[in-house]
Structure formats: C-alpha cells, structure tokens
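Comments concern the structure below.
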Amino acid sequence: MKLAITGADCSMGAMLCRRLAGQHEVVPIGSADQTPEDVGPAYRSVDLKTPAETDAAILGVDMVIHAQPHDPACGLTGRLTDGSEAGLIEQVSRGTYVLMQAAKQAGIGRVVLISQLRLYDAVPEPYLVTAGWQPRPRAQAESLAPYMAELVCREIARVGHIEAVNLRMGELDAVEGTSADDAVSAVQQALLMDMSEMGYNWHEQHVATGGRFAAPGKS
Amino acid sequence: MATVTSGKVVIFGAGGPVGAATIESLKAHYTLRCTDAMPLDQIVGEERRQSEKAPLPELLSAPHERTVVDVTDYEQVRAACEGMDAVINLTVLRHVLDKAFAVNTVGAYNVAKAAADAGVKRLIHTGPFHTKMGHSADFWHDHQVQDDVPLHPGDDLYALSKYLGGHITRVFAEERGLDVMTYLFCGFRPRHIEPSQRGNGVGPFSVSWEDAGESFLYGLRAGEMPTPYEVFFIAAATPDRKYRVDKAKRLLGWEARDNFEELYLR
C-alpha cells in the first residue's frame, strides 16, 4: 500500500514513517523545509492549508495517515504560521479540511487520524474513559487543535465518499502513553479494517499502553 | 450574574445587515463600540449592502465609537474588548478558503479568548443553521428540530468553519466561565412585505432584520442561563413546524414579531 503520512517531522509521524516503511511505500509529509533524519528521501515539505500543495503530495497514494494533529505545535513555524495560537488553530483546522477534501477528490477511501488522549485530561481520574466520550479540550490552541482535526474528519466522513478512523494516542513511548509497537499495530489495523459492516464512515478508538487511559489490567 | 442591562457593548462585524439591525436595537440602551474589518464610514459611504434590501449601519456619534478591527488579529480583538460589559460577534466569511477559516474559526477563538481575558459578562456568538445541506445527515426532512441539535455541517466550507468556531466558543464557556449564547440564523428578509410578494411563501427558518437585531437586546438582558453555553434558533415561528423557536421565548423572552403571514396565506 502507498501511504502518505503527515507530521513526518514530528515524533509520532516520524516513527510511523520509519516503522511502516518496511511493509508499505511511504510518502512522509511534514512542514520542515529540511528532510528529517530517518524518514527517507521521499519526504515532502507541504503546507497542508494549500490545496495545490496537498493535492500534489497525496497524488497516487492509497491511504493517508494524518499524524500531524497528534503533535500540533511541532514544526509549525517559518513559512506555515506566525507561531501564534491563532496560527496553530488555523494550520490544523484548515490543513485537515484541505487534506480531507483532497483525499476525497483523489478517490482515497480512508484517512487515519492520529489524535490525542490528552483531550480527556479534564475528566476525573476514576472514570473509565472510552472512545465514545465527548473530548474535553482546554481553552488553549494546542489543546483545541487536535479536537478541531477530529471534528473536521468526522463531519466530512459523516456525509459519505470517504472513511475516517480516529486513533487517540498518548505521548509516544511515555510510561503513561502509547508505545511505538501499540501505535503501529493500531494503525495497521485501521488501514485494513472493514468498515462496511459498521454502517458508519467514522470510527474512533483509544490506543494507550499504560496510564489511566489504558484498558483495565493493561497498565 | 451575566445579565447586561446597561454599560458598554462591542460588536464585531457591525458593518453587515445584522450589525445594522443590532445597532438600531441597542443604541438607546448601551454605549456601543461598533467594529468591522472595513471602516463603517466606507461601508455606508459606498452603500455596500449585502443585498438590495439589506440595511446599512447607522454611523453613531459619541459616546458610541466605531473602529476597524480585524478579528483574525488577537491583539486588535483584545483591545476592542477592553472595558466592555458584553461582546457580540457577528463576523462571517463564507466562500473563500483562507478567509473562512481565519474569520469563522480563528476569529471565534480570538473573540472568545479576548472576552474571557477581558472579563466581560456575556458573549453572544452567531452562526448559521443550514437547513438543506444536500446530504442525508442534515435535518431537512425532520420536523420540530430543536435549538440544541448537534449541527452536521458536512464538507461545506462556510458551515464547517463556523461549526468549528461554535465548538471553540463552547469550550471557552465551559472552561473559562464565560457566559455564552450562540444565535443560529438562516434566512433574513425585510420586515416590509411588498404587495407583489404576498403568497410567495417563506423559507422555514426566516427572520426579519429588525427582529434579528432586537433579539440581541433580549439576549443581553436575559437572566442566568441553565448552562454556560446555550444555543438559540433565531427565527420566526412558521406553520410548517420544521424548527422549534420556543427556547428563545422561554429563556430570553424574545420571539419574532414578524411572522410573515402574508407570505404564506392564500
């Protein structure tokens, strides 16, 4: 499968590029001008807010893994934004909109979004949070940004023509986060799952290796 | 208590027709800071009406103020909120990709953040209720749809970018203790009905410019709301029963005076 992976210049996206390259043809997409280490020569610096750049970047791919919202503030400097909170909101919300529209236009059947489990930090500790719970971002751009990406993907997927799988993950390889192994495994399942029986074009699940968001008995 | 019965109110997007109607409704009761991305003098001078019958804003004299504010610039928005008791956000940009997200999403963030930082009592946010989105997840074939129904904007640029702005505003209400009302609108028309228009029918989610402006007076004066974030359909009651408009009457005391009966009677 040929995969475009956004956020390739940030920790989660870069890890997915490296680990999935063994089984798939990967097109790493990031915002940094220079190619990050270890993601391969196919790396492309793309402003996802710009349809022409995004259209070209995902041309010919089978699926898109949109990992940039997992690390929303990573790499969003220089030509893309002014580094402001407003710039961050715009980059992630408009960038996700343009990416979803481009994927739909290109006939790409599915986008896998990598969002954050931190959207539930405000939920009291004793609660056993599941993926169907409403996210509770803080009133700050860095917290709102992945939520904006989720809403864009969900609402576009809701009306058909494209599927979206939302995987909420913790900090990569943190004790109370998501291990690289679990992240890769969840993404591979998301790429292959048959959603036709579900009756929905939107699916979401939590991917936590340890900590309060891990399944009972796992941490 | 978030009720604002007097004092200072800043209006963002005051140059549009809803802004014009809101100014007319509030000018005798509050000191207004009327802002728009374009000077109001220019909007009026060049007669930049949104449509043929749409009202233009009155250019108020002191103590009212008018100034240019770009809602995509947080510092400008924050300065405009300084010393205000309430904020009304009427800004909207519909069909241009970069500006739609900048105004409808980022602008909502800037306004909500500035209102919270400035300690204003009440924010009235606005957005569209798209009655007919052309997909099966809209509510076009439903009846008695209520104000609090989750919006399904689909991939429509205007609807989706405004939808995000609404969620941002909700988060600020829940997280920062900001008292927020979101008014949802769809169709507008003048109060006056031409004889030639009688029997032509009216859209199911319509309101006159005049009634729309008056709804903001009721919103500012309304008592404490059940939750920090309340959504209201601002529309006339029409006999098709597609959209319920009783929440605004119940919590704000507002209902449209213009029911457009002449348009849907034989």
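Please note that chains go A, B, ... in the order of the structure tokens, that every chain numbers its residues from 1, and that ligands are numbered from 1 in the order shown.
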
Residues of chain A within 12 Å of chain B, counting only C-alpha atoms, what are they? List them as number ranges by chain. A: 48-51, 82, 84-102, 104-105, 119, 122, 134-141, 143-162, 200

Could you pull out the residues in region 21-242 of chain B that DSSP calls strand (DSSP E or B) from the backbone, as an MDAnalysis selection string? chainID B and resid 31:36 65:68 86:89 122:128 145 179:185 187:189 206:208 229:233

Close residues, Asn89 (chain B) itself excluded, 7 Å, only C-alpha atoms, min 4 positions apart in chain, as number ranges by chain: B: 11-13, 124-126

Region 184-196 of chain A environment, 9 Å, only C-alpha atoms, sequence neighbours closer than 6 positions dropped, as a list in words: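 The neighbour list is Met15, Leu16, Arg19, Leu20, Met63, Ile65, Arg110, Val111, Val112, Ile114, Glu163, Val165, Asn166, Leu167, Trp202, His203 and Val207 of chain A.
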
Give me, as number ranges by chain, all polymer residues having an atom no more than 9 Å from region 31-35 of chain B, counting only C-alpha atoms and skipping those fewer than 2 positions away in the same chain. B: 6-15, 19, 23, 26-29, 37-40, 60, 62-70, 80, 84

Could you tell me how far CA of Gly166 (chain B) sits from CA of Cys10 (chain A), in Å to one decimal place?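 Separation between CA of Cys10 (chain A) and CA of Gly166 (chain B): 29.2 Å.
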
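Taking only C-alpha atoms into account, His66 (chain A) lies nearest to A:Ala8 out of the set A:Ala8, A:Ala21, A:Val26, A:Ala52.
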
Please identify the alpha helix (DSSP H) residues within region 57-253 of chain B (assignment by DSSP from backbone atoms) and present them as a ChimeraX atom specification. /B:74-81,97-100,107-118,157-176,209-221,246-247

Using Å and a single decimal, report how far CA of Val46 (chain A) sits from CA of Ile29 (chain A).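 About the pair CA of Ile29 (chain A) and CA of Val46 (chain A): they are 6.4 Å apart.
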
So the first atom is CA of Gly30 (chain A) and the second is CA of Ile5 (chain A); what is the distance between them in Å, to one decimal place? 8.3 Å

Excluding Gly199 (chain B) and residues on its chain fewer than 4 positions from it, collect all residues at most 12 Å away from it, counting only C-alpha atoms, and give them as JSON, numbers by chain. {"B": [193, 194, 195, 260, 261, 262, 263, 264, 265, 266]}

Would you list the contacts of Ala235 (chain B) as a PDB file with C-alpha atoms, in the first residue's frame, taking every protein, DNA or RNA residue within 10 Å and counting only C-alpha atoms, but skipping same-chain residues closer than 2 positions in sequence?
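Now in part-v5.pdb:
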```pdb
ATOM      1  CA  TYR B 183     -27.575  32.551  17.972  1.00  0.00           C
ATOM      2  CA  LEU B 184     -28.215  30.480  14.864  1.00  0.00           C
ATOM      3  CA  PHE B 185     -29.692  32.148  11.807  1.00  0.00           C
ATOM      4  CA  CYS B 186     -30.622  31.043   8.317  1.00  0.00           C
ATOM      5  CA  GLY B 187     -32.717  33.323   6.105  1.00  0.00           C
ATOM      6  CA  PHE B 188     -33.204  37.053   6.530  1.00  0.00           C
ATOM      7  CA  PRO B 204     -38.788  27.650   7.121  1.00  0.00           C
ATOM      8  CA  PHE B 205     -36.008  29.351   9.108  1.00  0.00           C
ATOM      9  CA  SER B 206     -36.506  33.038   8.404  1.00  0.00           C
ATOM     10  CA  VAL B 207     -36.410  36.191  10.453  1.00  0.00           C
ATOM     11  CA  SER B 208     -36.682  39.872   9.661  1.00  0.00           C
ATOM     12  CA  ASP B 211     -36.416  41.086  14.751  1.00  0.00           C
ATOM     13  CA  ALA B 212     -32.895  39.701  14.490  1.00  0.00           C
ATOM     14  CA  SER B 215     -33.003  39.501  19.731  1.00  0.00           C
ATOM     15  CA  PHE B 232     -30.829  29.569  20.212  1.00  0.00           C
ATOM     16  CA  PHE B 233     -32.667  29.394  16.926  1.00  0.00           C
ATOM     17  CA  ALA B 237     -42.487  30.612  14.074  1.00  0.00           C
ATOM     18  CA  THR B 238     -43.864  29.312  10.788  1.00  0.00           C
ATOM     19  CA  TYR B 243     -37.960  24.271  13.538  1.00  0.00           C
ATOM     20  CA  ARG B 244     -38.996  24.992  17.094  1.00  0.00           C
ATOM     21  CA  VAL B 245     -38.347  28.527  18.228  1.00  0.00           C
ATOM     22  CA  ASP B 246     -39.729  28.356  21.745  1.00  0.00           C
ATOM     23  CA  ALA B 248     -35.623  31.805  22.756  1.00  0.00           C
ATOM     24  CA  GLU B 255     -39.977  35.948  19.869  1.00  0.00           C
ATOM     25  CA  ALA B 256     -40.186  37.290  16.362  1.00  0.00           C
ATOM     26  CA  ASP B 258     -42.803  39.401  12.088  1.00  0.00           C
ATOM     27  CA  ASN B 259     -44.333  36.037  11.270  1.00  0.00           C
TER      28      ASN B 259
END
```

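Shortest atom-to-atom contact with Asp9 (chain A) among A:Gly22, A:Ala57, A:Gln68, A:Asp62: A:Gln68, counting only C-alpha atoms.
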